[in-house]
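Raw my_file.pdb, PDB, C-alpha atoms and all ligand atoms:
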```pdb
ATOM      1  CA  MET A   1      29.500  -0.511  18.745
ATOM      2  CA  THR A   2      33.033  -1.158  17.470
ATOM      3  CA  PRO A   3      33.162  -0.943  13.651
ATOM      4  CA  GLN A   4      33.737  -4.381  12.125
ATOM      5  CA  PRO A   5      35.670  -5.237   8.949
ATOM      6  CA  PRO A   6      33.500  -4.982   5.811
ATOM      7  CA  ARG A   7      31.468  -8.090   5.034
ATOM      8  CA  VAL A   8      32.215 -10.118   1.934
ATOM      9  CA  GLN A   9      29.885  -9.197  -0.885
ATOM     10  CA  THR A  10      28.276 -12.288  -2.347
ATOM     11  CA  THR A  11      25.663 -10.841  -4.726
ATOM     12  CA  ALA A  12      25.672  -8.420  -7.647
ATOM     13  CA  ASN A  13      23.888  -5.823  -5.507
ATOM     14  CA  PRO A  14      25.716  -4.841  -2.331
ATOM     15  CA  PRO A  15      23.662  -5.536   0.809
ATOM     16  CA  ILE A  16      21.538  -2.678   2.064
ATOM     17  CA  PRO A  17      23.358  -1.084   4.987
ATOM     18  CA  GLY A  18      21.619  -1.384   8.368
ATOM     19  CA  GLY A  19      21.951   0.355  11.695
ATOM     20  CA  PHE A  20      19.947   3.460  10.777
ATOM     21  CA  ALA A  21      17.454   5.093  13.107
ATOM     22  CA  VAL A  22      14.190   5.964  11.358
ATOM     23  CA  VAL A  23      11.750   8.742  12.223
ATOM     24  CA  VAL A  24       8.296   8.132  10.754
ATOM     25  CA  VAL A  25       6.140  11.237  10.838
ATOM     26  CA  ALA A  26       2.508  10.225  11.255
ATOM     27  CA  ALA A  27       1.092  13.002  13.439
ATOM     28  CA  GLY A  28      -0.772  14.809  10.659
ATOM     29  CA  SER A  29      -4.554  14.946  10.515
ATOM     30  CA  GLY A  30      -5.100  14.109   6.860
ATOM     31  CA  THR A  31      -7.381  17.076   6.229
ATOM     32  CA  ARG A  32      -6.957  16.919   2.449
ATOM     33  CA  LEU A  33      -7.708  13.195   2.386
ATOM     34  CA  GLY A  34     -10.922  13.954   4.256
ATOM     35  CA  GLN A  35     -11.534  10.581   5.907
ATOM     36  CA  GLY A  36     -12.258  11.985   9.363
ATOM     37  CA  ILE A  37      -9.544   9.899  11.048
ATOM     38  CA  PRO A  38      -5.768  10.401  11.314
ATOM     39  CA  LYS A  39      -4.412   9.679   7.827
ATOM     40  CA  ALA A  40      -1.956   7.017   8.965
ATOM     41  CA  LEU A  41      -4.917   4.969  10.283
ATOM     42  CA  VAL A  42      -6.642   4.937   6.882
ATOM     43  CA  ARG A  43      -6.512   1.505   5.219
ATOM     44  CA  VAL A  44      -4.885   0.734   1.895
ATOM     45  CA  GLY A  45      -6.014  -2.776   1.051
ATOM     46  CA  ASP A  46      -6.099  -4.773   4.270
ATOM     47  CA  ARG A  47      -3.675  -2.677   6.321
ATOM     48  CA  THR A  48      -3.363   0.837   7.652
ATOM     49  CA  ILE A  49      -1.012   3.336   6.054
ATOM     50  CA  LEU A  50       1.238   3.151   9.134
ATOM     51  CA  GLU A  51       1.383  -0.662   8.982
ATOM     52  CA  HIS A  52       2.445  -0.533   5.324
ATOM     53  CA  CYS A  53       5.046   2.077   6.157
ATOM     54  CA  LEU A  54       6.585   0.171   9.087
ATOM     55  CA  THR A  55       6.556  -3.108   7.166
ATOM     56  CA  GLY A  56       8.372  -1.399   4.294
ATOM     57  CA  ILE A  57      11.048  -0.068   6.630
ATOM     58  CA  THR A  58      11.630  -3.462   8.230
ATOM     59  CA  THR A  59      11.693  -5.208   4.856
ATOM     60  CA  SER A  60      14.236  -2.739   3.491
ATOM     61  CA  GLY A  61      16.751  -3.758   6.173
ATOM     62  CA  VAL A  62      17.906  -0.204   6.916
ATOM     63  CA  THR A  63      17.286  -0.622  10.638
ATOM     64  CA  ALA A  64      18.675  -4.157  10.930
ATOM     65  CA  ASP A  65      21.771  -5.126  12.884
ATOM     66  CA  ASP A  66      24.020  -5.770   9.880
ATOM     67  CA  GLY A  67      27.092  -6.920  11.738
ATOM     68  CA  ASP A  68      28.692  -3.496  11.433
ATOM     69  CA  TRP A  69      26.048  -1.545  13.366
ATOM     70  CA  ASP A  70      23.434  -2.453  15.976
ATOM     71  CA  GLU A  71      19.738  -2.442  15.117
ATOM     72  CA  GLY A  72      18.474   1.141  14.807
ATOM     73  CA  PRO A  73      15.334   2.336  16.592
ATOM     74  CA  VAL A  74      12.139   3.394  14.794
ATOM     75  CA  VAL A  75      10.224   6.345  16.272
ATOM     76  CA  VAL A  76       6.735   7.228  15.048
ATOM     77  CA  THR A  77       5.161  10.623  15.698
ATOM     78  CA  VAL A  78       1.443  10.420  16.512
ATOM     79  CA  PRO A  79      -1.256  13.054  17.133
ATOM     80  CA  ALA A  80      -1.751  14.211  20.741
ATOM     81  CA  GLY A  81      -4.114  11.877  22.577
ATOM     82  CA  ASP A  82      -3.750   9.119  19.980
ATOM     83  CA  THR A  83      -4.030   5.485  20.966
ATOM     84  CA  GLY A  84      -4.689   3.749  17.624
ATOM     85  CA  LEU A  85      -1.426   4.663  15.893
ATOM     86  CA  THR A  86       0.489   4.084  19.117
ATOM     87  CA  ASP A  87      -0.837   0.511  19.227
ATOM     88  CA  VAL A  88       0.169  -0.052  15.596
ATOM     89  CA  ALA A  89       3.646   1.342  16.230
ATOM     90  CA  ARG A  90       4.198  -0.806  19.323
ATOM     91  CA  SER A  91       2.914  -3.932  17.615
ATOM     92  CA  GLN A  92       5.711  -3.530  15.060
ATOM     93  CA  GLY A  93       8.455  -2.824  17.593
ATOM     94  CA  ALA A  94       8.461   0.957  17.112
ATOM     95  CA  VAL A  95       8.180   3.700  19.736
ATOM     96  CA  ALA A  96       5.412   6.322  19.530
ATOM     97  CA  VAL A  97       6.001   9.943  20.557
ATOM     98  CA  THR A  98       3.552  12.839  20.393
ATOM     99  CA  GLY A  99       4.029  15.017  17.333
ATOM    100  CA  GLY A 100       4.022  18.787  17.127
ATOM    101  CA  ALA A 101       2.067  21.588  15.485
ATOM    102  CA  ASP A 102       3.665  21.038  12.105
ATOM    103  CA  ARG A 103       5.822  18.388  10.443
ATOM    104  CA  ALA A 104       9.095  20.007  11.470
ATOM    105  CA  ASP A 105       7.987  20.123  15.130
ATOM    106  CA  SER A 106       7.049  16.457  14.936
ATOM    107  CA  VAL A 107      10.488  15.533  13.586
ATOM    108  CA  ARG A 108      12.135  17.543  16.362
ATOM    109  CA  ASN A 109      10.106  15.737  19.039
ATOM    110  CA  ALA A 110      11.196  12.386  17.611
ATOM    111  CA  LEU A 111      14.849  13.449  17.493
ATOM    112  CA  GLU A 112      14.676  14.604  21.117
ATOM    113  CA  HIS A 113      13.384  11.176  22.044
ATOM    114  CA  LEU A 114      16.258   9.508  20.204
ATOM    115  CA  ARG A 115      18.770  11.868  21.782
ATOM    116  CA  ALA A 116      17.387  11.085  25.241
ATOM    117  CA  LEU A 117      17.870   7.391  24.504
ATOM    118  CA  GLY A 118      21.547   8.165  24.012
ATOM    119  CA  CYS A 119      21.641   6.203  20.789
ATOM    120  CA  ARG A 120      24.307   6.680  18.105
ATOM    121  CA  PRO A 121      22.877   5.230  14.911
ATOM    122  CA  ARG A 122      24.805   4.936  11.656
ATOM    123  CA  GLY A 123      22.590   7.773  10.386
ATOM    124  CA  VAL A 124      18.947   8.764  10.495
ATOM    125  CA  LEU A 125      16.202   8.520   7.891
ATOM    126  CA  VAL A 126      13.097  10.706   8.130
ATOM    127  CA  HIS A 127      10.091   9.297   6.334
ATOM    128  CA  ASP A 128       6.479  10.385   5.803
ATOM    129  CA  ALA A 129       4.011   7.705   6.876
ATOM    130  CA  ALA A 130       1.961   9.085   3.985
ATOM    131  CA  ARG A 131       4.587   7.668   1.560
ATOM    132  CA  CYS A 132       3.804   4.205   2.856
ATOM    133  CA  LEU A 133       4.514   2.315  -0.382
ATOM    134  CA  ALA A 134       8.036   3.664  -0.901
ATOM    135  CA  PRO A 135       9.949   0.716  -2.385
ATOM    136  CA  THR A 136      12.949  -0.929  -0.758
ATOM    137  CA  GLU A 137      15.134   0.370  -3.601
ATOM    138  CA  VAL A 138      14.551   3.968  -2.518
ATOM    139  CA  PHE A 139      15.617   3.185   1.054
ATOM    140  CA  ALA A 140      18.634   1.374  -0.365
ATOM    141  CA  ARG A 141      19.713   4.301  -2.567
ATOM    142  CA  VAL A 142      19.447   6.774   0.310
ATOM    143  CA  ALA A 143      21.247   4.488   2.785
ATOM    144  CA  ARG A 144      24.045   3.650   0.356
ATOM    145  CA  ALA A 145      24.655   7.296  -0.486
ATOM    146  CA  LEU A 146      25.054   8.019   3.239
ATOM    147  CA  VAL A 147      27.432   5.099   3.701
ATOM    148  CA  ASP A 148      29.374   6.360   0.692
ATOM    149  CA  GLY A 149      29.995   9.639   2.511
ATOM    150  CA  GLN A 150      27.080  11.946   1.721
ATOM    151  CA  GLU A 151      25.685  13.757   4.765
ATOM    152  CA  ALA A 152      22.218  14.687   3.491
ATOM    153  CA  VAL A 153      20.387  12.660   0.833
ATOM    154  CA  ILE A 154      16.931  13.069  -0.704
ATOM    155  CA  PRO A 155      15.054  10.996  -3.310
ATOM    156  CA  VAL A 156      13.698  13.084  -6.187
ATOM    157  CA  LEU A 157      11.728  12.754  -9.411
ATOM    158  CA  PRO A 158      11.713  14.946 -12.514
ATOM    159  CA  VAL A 159       8.839  17.420 -12.794
ATOM    160  CA  VAL A 160       6.436  16.375 -15.555
ATOM    161  CA  ASP A 161       4.082  19.363 -15.756
ATOM    162  CA  THR A 162       4.722  22.794 -17.192
ATOM    163  CA  ILE A 163       5.332  25.061 -14.195
ATOM    164  CA  ARG A 164       4.288  28.705 -14.258
ATOM    165  CA  ALA A 165       4.758  31.534 -11.785
ATOM    166  CA  VAL A 166       1.569  33.507 -11.099
ATOM    167  CA  ASP A 167       0.932  36.735  -9.215
ATOM    168  CA  GLY A 168      -1.696  37.321  -6.543
ATOM    169  CA  THR A 169      -4.411  37.922  -9.138
ATOM    170  CA  GLY A 170      -3.735  34.632 -10.942
ATOM    171  CA  ALA A 171      -2.055  36.347 -13.895
ATOM    172  CA  CYS A 172       0.818  34.324 -15.350
ATOM    173  CA  GLN A 173       4.310  35.676 -14.831
ATOM    174  CA  GLY A 174       6.038  33.243 -17.149
ATOM    175  CA  VAL A 175       7.098  29.615 -17.400
ATOM    176  CA  VAL A 176       9.704  28.294 -14.974
ATOM    177  CA  ASP A 177      12.394  26.137 -16.625
ATOM    178  CA  ARG A 178      11.532  22.697 -15.262
ATOM    179  CA  SER A 179      14.724  21.012 -16.431
ATOM    180  CA  GLY A 180      16.430  22.105 -13.219
ATOM    181  CA  LEU A 181      13.506  21.281 -10.932
ATOM    182  CA  ARG A 182      12.815  18.088  -8.988
ATOM    183  CA  ALA A 183       9.865  16.849  -6.929
ATOM    184  CA  VAL A 184      11.121  15.757  -3.518
ATOM    185  CA  GLN A 185      10.162  12.565  -1.694
ATOM    186  CA  THR A 186      11.085  10.707   1.480
ATOM    187  CA  PRO A 187      12.874   8.845   3.099
ATOM    188  CA  GLN A 188      15.410  11.644   3.484
ATOM    189  CA  GLY A 189      18.689  10.515   5.041
ATOM    190  CA  PHE A 190      21.168  12.397   7.211
ATOM    191  CA  ASP A 191      24.316  12.157   9.177
ATOM    192  CA  TRP A 192      23.117  11.845  12.778
ATOM    193  CA  ASP A 193      25.074  14.780  14.230
ATOM    194  CA  LEU A 194      24.174  17.018  11.290
ATOM    195  CA  LEU A 195      20.415  16.489  11.634
ATOM    196  CA  LEU A 196      20.586  17.121  15.382
ATOM    197  CA  ALA A 197      22.648  20.290  14.864
ATOM    198  CA  VAL A 198      20.362  21.845  12.241
ATOM    199  CA  ASN A 199      17.282  21.023  14.299
ATOM    200  CA  ASP A 200      18.876  22.649  17.326
ATOM    201  CA  ALA A 201      19.639  25.727  15.217
ATOM    202  CA  ALA A 202      16.092  25.794  13.868
ATOM    203  CA  ALA A 203      14.666  25.728  17.403
ATOM    204  CA  ASP A 204      16.169  29.209  17.895
ATOM    205  CA  HIS A 205      14.491  30.472  14.708
ATOM    206  CA  PRO A 206      10.764  29.768  14.970
ATOM    207  CA  GLU A 207      10.173  32.295  12.173
ATOM    208  CA  VAL A 208      11.789  29.861   9.705
ATOM    209  CA  SER A 209       9.219  27.484   8.245
ATOM    210  CA  VAL A 210      10.222  24.440   6.172
ATOM    211  CA  THR A 211       8.347  21.608   4.515
ATOM    212  CA  ASP A 212      11.110  19.012   4.664
ATOM    213  CA  ASP A 213      14.251  18.148   6.632
ATOM    214  CA  ALA A 214      16.782  18.794   3.876
ATOM    215  CA  SER A 215      15.650  22.434   3.937
ATOM    216  CA  LEU A 216      17.031  22.727   7.472
ATOM    217  CA  VAL A 217      20.415  21.475   6.259
ATOM    218  CA  GLU A 218      20.375  24.146   3.547
ATOM    219  CA  LYS A 219      19.300  26.916   5.915
ATOM    220  CA  PHE A 220      21.381  26.076   8.976
ATOM    221  CA  SER A 221      24.550  24.411   7.677
ATOM    222  CA  ASP A 222      27.052  24.711   4.851
ATOM    223  CA  ARG A 223      26.551  21.072   3.756
ATOM    224  CA  THR A 224      25.276  20.057   0.338
ATOM    225  CA  VAL A 225      22.078  18.062  -0.052
ATOM    226  CA  HIS A 226      22.667  15.184  -2.468
ATOM    227  CA  THR A 227      19.898  13.658  -4.642
ATOM    228  CA  VAL A 228      19.188  10.049  -5.605
ATOM    229  CA  ALA A 229      16.410   8.689  -7.811
ATOM    230  CA  GLY A 230      12.988   8.526  -6.196
ATOM    231  CA  ASP A 231      10.113   6.325  -7.331
ATOM    232  CA  ASP A 232       6.525   6.928  -8.438
ATOM    233  CA  ALA A 233       5.409   4.361  -5.854
ATOM    234  CA  ALA A 234       6.710   6.620  -3.081
ATOM    235  CA  LEU A 235       3.844   9.013  -3.758
ATOM    236  CA  LYS A 236       2.510  10.940  -0.781
ATOM    237  CA  ILE A 237      -1.080   9.922  -0.083
ATOM    238  CA  THR A 238      -2.518  13.402   0.258
ATOM    239  CA  ARG A 239      -5.802  13.675  -1.669
ATOM    240  CA  PRO A 240      -8.536  11.092  -2.395
ATOM    241  CA  LEU A 241      -7.111  10.223  -5.835
ATOM    242  CA  ASP A 242      -3.795   9.304  -4.196
ATOM    243  CA  LEU A 243      -5.610   6.642  -2.195
ATOM    244  CA  VAL A 244      -7.004   5.167  -5.419
ATOM    245  CA  LEU A 245      -3.489   5.111  -6.889
ATOM    246  CA  ALA A 246      -2.053   3.513  -3.759
ATOM    247  CA  GLU A 247      -4.728   0.789  -3.819
ATOM    248  CA  ALA A 248      -3.882   0.064  -7.462
ATOM    249  CA  LEU A 249      -0.136  -0.023  -6.778
ATOM    250  CA  LEU A 250      -0.635  -2.379  -3.874
ATOM    251  CA  ALA A 251      -2.851  -4.701  -5.919
ATOM    252  CA  ARG A 252      -0.228  -4.782  -8.652
ATOM    253  CA  THR A 253       2.508  -5.615  -6.154
ATOM    254  CA  LEU A 254       0.470  -8.399  -4.536
ATOM    255  CA  ASN A 255      -0.334  -9.876  -7.953
ATOM    256  CA  ARG A 256       3.374 -10.033  -8.690
ATOM    257  CA  THR A 257       4.604 -11.499  -5.435
ATOM    258  CA  GLU A 258       1.891 -13.858  -4.151
ATOM    259  CA  PRO A 259       1.951 -17.433  -5.429
ATOM    260  CA  ARG A 260      -0.996 -18.137  -7.683
ATOM    261  CA  PRO A 261      -3.482 -20.834  -6.541
TER     262      PRO A 261
HETATM  263  N1  LIG B   1       2.089  18.125  12.627
HETATM  264  C1  LIG B   1       2.396  17.183  11.735
HETATM  265  C2  LIG B   1       1.991  17.300  10.383
HETATM  266  C3  LIG B   1       2.322  16.270   9.497
HETATM  267  N2  LIG B   1       2.975  15.189   9.947
HETATM  268  C4  LIG B   1       3.271  14.089   9.024
HETATM  269  O1  LIG B   1       4.021  14.561   7.942
HETATM  270  C5  LIG B   1       3.752  13.781   6.773
HETATM  271  C6  LIG B   1       3.494  14.686   5.577
HETATM  272  O2  LIG B   1       2.368  15.490   5.855
HETATM  273  P1  LIG B   1       1.044  15.481   4.970
HETATM  274  O3  LIG B   1       1.083  14.426   3.974
HETATM  275  O4  LIG B   1       0.797  16.880   4.552
HETATM  276  O5  LIG B   1      -0.039  14.975   6.036
HETATM  277  P2  LIG B   1      -1.136  15.777   6.832
HETATM  278  O6  LIG B   1      -0.528  16.944   7.561
HETATM  279  O7  LIG B   1      -1.830  14.766   7.659
HETATM  280  O8  LIG B   1      -2.099  16.292   5.652
HETATM  281  P3  LIG B   1      -3.115  17.507   5.622
HETATM  282  O9  LIG B   1      -2.282  18.742   5.409
HETATM  283  O10 LIG B   1      -4.020  17.204   4.479
HETATM  284  O11 LIG B   1      -3.850  17.538   6.953
HETATM  285  C7  LIG B   1       2.529  12.911   7.084
HETATM  286  O12 LIG B   1       2.932  11.559   7.195
HETATM  287  C8  LIG B   1       2.024  13.494   8.376
HETATM  288  O13 LIG B   1       1.425  12.531   9.248
HETATM  289  C9  LIG B   1       3.377  15.093  11.284
HETATM  290  O14 LIG B   1       3.977  14.094  11.694
HETATM  291  N3  LIG B   1       3.080  16.105  12.146
HETATM  292  C1  LIG B   2       8.563  16.007   3.107
HETATM  293  C2  LIG B   2       7.736  16.050   1.855
HETATM  294  O1  LIG B   2       7.006  14.858   1.703
HETATM  295  C3  LIG B   2       8.668  16.146   0.651
HETATM  296  O2  LIG B   2       7.906  16.279  -0.506
HETATM  297  C4  LIG B   2       6.778  17.213   1.844
HETATM  298  O3  LIG B   2       7.482  18.419   1.848
HETATM  299  C5  LIG B   2       5.772  17.187   2.965
HETATM  300  O4  LIG B   2       4.956  18.334   2.815
HETATM  301  P1  LIG B   2       3.514  18.502   3.461
HETATM  302  O5  LIG B   2       3.090  19.888   3.141
HETATM  303  O6  LIG B   2       3.692  18.239   4.929
HETATM  304  O7  LIG B   2       2.657  17.492   2.799
END
```
Represent the structure from my file as structure tokens, please.
Ligand SMILES: Nc1ccn([C@@H]2O[C@H](COP(=O)(O)OP(=O)(O)OP(=O)(O)O)[C@@H](O)[C@H]2O)c(=O)n1
Ligand SMILES: C[C@](O)(CO)[C@H](O)COP(=O)(O)O
Amino acid sequence: MTPQPPRVQTTANPPIPGGFAVVVVAAGSGTRLGQGIPKALVRVGDRTILEHCLTGITTSGVTADDGDWDEGPVVVTVPAGDTGLTDVARSQGAVAVTGGADRADSVRNALEHLRALGCRPRGVLVHDAARCLAPTEVFARVARALVDGQEAVIPVLPVVDTIRAVDGTGACQGVVDRSGLRAVQTPQGFDWDLLLAVNDAAADHPEVSVTDDASLVEKFSDRTVHTVAGDDAALKITRPLDLVLAEALLARTLNRTEPRP
């Protein structure tokens, strides 16, 4: 689409940029949560984790046609043989593709689907379905940093625990200075060509294992990964206690936003 002149800003906060493609990784099994069903099908309140996640993305506006860029597609990775998550994805206008053996393989499958579509989004955000309550503000910070010229952007939080290195026997090897450490969240945002290029490079190096997408940028490009503030509400629902926290966060949000009888 032909770039349009910038829109007039009418509010104190600039509008959240749209036109991004979003990859939602939801092909994990949720072993640590232990519910016996794919984690993204587990309910938080009255909706599944995937429904919360897709609603959050739509509400944030990052995929919307914003006058400068066309609406960006949303691709959800689902476990092989899945039908339940596929139905949820389709009901919210997203496309479902089969995930891979690990998270990185799932992301690559989704990117291949987007590449085959021939789309050229403004950029691409990769988001864990398991971080289904990530607030709009986090999407906004990541999207704005990309629009402002960053090529790889991750939301982070300070580390609150004392961190120690241990050896194989469990003996402590000393405290790690936590002032320079950050806990990493999603959505992680990238220049479209950059994320494709580092994933292509990674495909030739199956021995390289990563836990997030920014790691591929660090390993297979010379670009810097930029950080923005994350949010406690973007927690990754991983273990049973996380589900309790997510339920409480959701209840708090509903209490704030729903009109009282
Ligand atoms: N092969 C995989 C593995 C993980 N994921 C997704 O990556 C995100 C982060 O993974 P995690 O929270 O660890 O989920 P699970 O892999 O399902 O958890 P577990 O290790 O407990 O099975 C999740 O949204 C998960 O669905 C994926 O799309 N494909
Ligand atoms: C991408 C991620 O959520 C950033 O913290 C995390 O690395 C996913 O890791 P997991 O081992 O797949 O849960």
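You will find atom CA of Ala143 of chain A at 18.0 Å from atom CA of Ala129 of chain A.
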Query raised in the report: If the PyMOL selection byres (((not hetatm)) within 6 of (chain B and resi 2)) is run on the structure shown, which residues does it catch, given as a VMD selection string?
Result: chain A and resid 103 184 to 186 211 to 212
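Using all atoms listed in the file, the protein and nucleic acid residues lying no more than 10 Å from Leu245 of chain A, apart from those fewer than 5 places from it along its own chain, are Val44, Ala233, Leu235, Ile237, Pro240, Leu250 and Ala251 of chain A.
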Requested in this report: Please evaluate the PyMOL selection byres (((not hetatm)) within 9 of (chain B and resi 1)) against the displayed coordinates and give the resulting residues as a PyMOL selection string.
Outcome: chain A and resi 24-34+38-40+50+76-79+98-107+127-132+211-212+236-239
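In this model, the gap between atom CA of Val124 of chain A and atom CA of Pro158 of chain A comes to 24.9 Å.
Counting all atoms listed in the file, the residue from A:Asp200, A:Asp161, A:Glu137, A:Asp191 that sits nearest to Ser179 of chain A is A:Asp161.
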Report task. Take atom CA of Phe20 of chain A and atom CA of Ala134 of chain A and report the distance between them in Å, one decimal. Result -> 16.7 Å
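Of the residues under consideration (A:Val198, A:Val88, A:Cys119, A:Val166), A:Val88 shows the shortest atom-to-atom contact distance to Arg47 of chain A when counting only C-alpha atoms.
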Query raised in the report: Pro121 of chain A: which residues within 8 Å, counting only C-alpha atoms, same-chain residues fewer than 4 positions away excluded, as a VMD selection string?
Result: chain A and resid 19 to 21 69 to 70 72 192
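Using all atoms listed in the file, the contacts of Thr58 of chain A at a cut-off of 12 Å, with sequence neighbours closer than 3 positions omitted, comprise Ile16, Gly18, Gly19, Phe20, Ala21, Val22, Glu51, His52, Cys53, Leu54, Thr55, Gly61, Val62, Thr63, Ala64, Asp65, Glu71, Gly72, Pro73, Val74, Gln92, Gly93, Ala94, Pro135, Thr136 and Phe139 of chain A.
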Report task. Name the residues that the PyMOL selection byres (((chain A and resi 197) around 12) and not hetatm) picks from the file above, as a ChimeraX atom specification, using the file's chain letters and numbers. Result -> /A:108,111-112,115,190-196,198-204,213,216-217,219-223
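Distances here use all atoms listed in the file; by that measure, the residue among A:Ala165, A:Ile154, A:Ala248, A:Ala183 closest to Val228 of chain A is A:Ile154.
In terms of minimum interatomic distance to Leu243 of chain A, A:Val42 ranks closest within A:Val23, A:Val153, A:Ala89, A:Val42, counting only C-alpha atoms.
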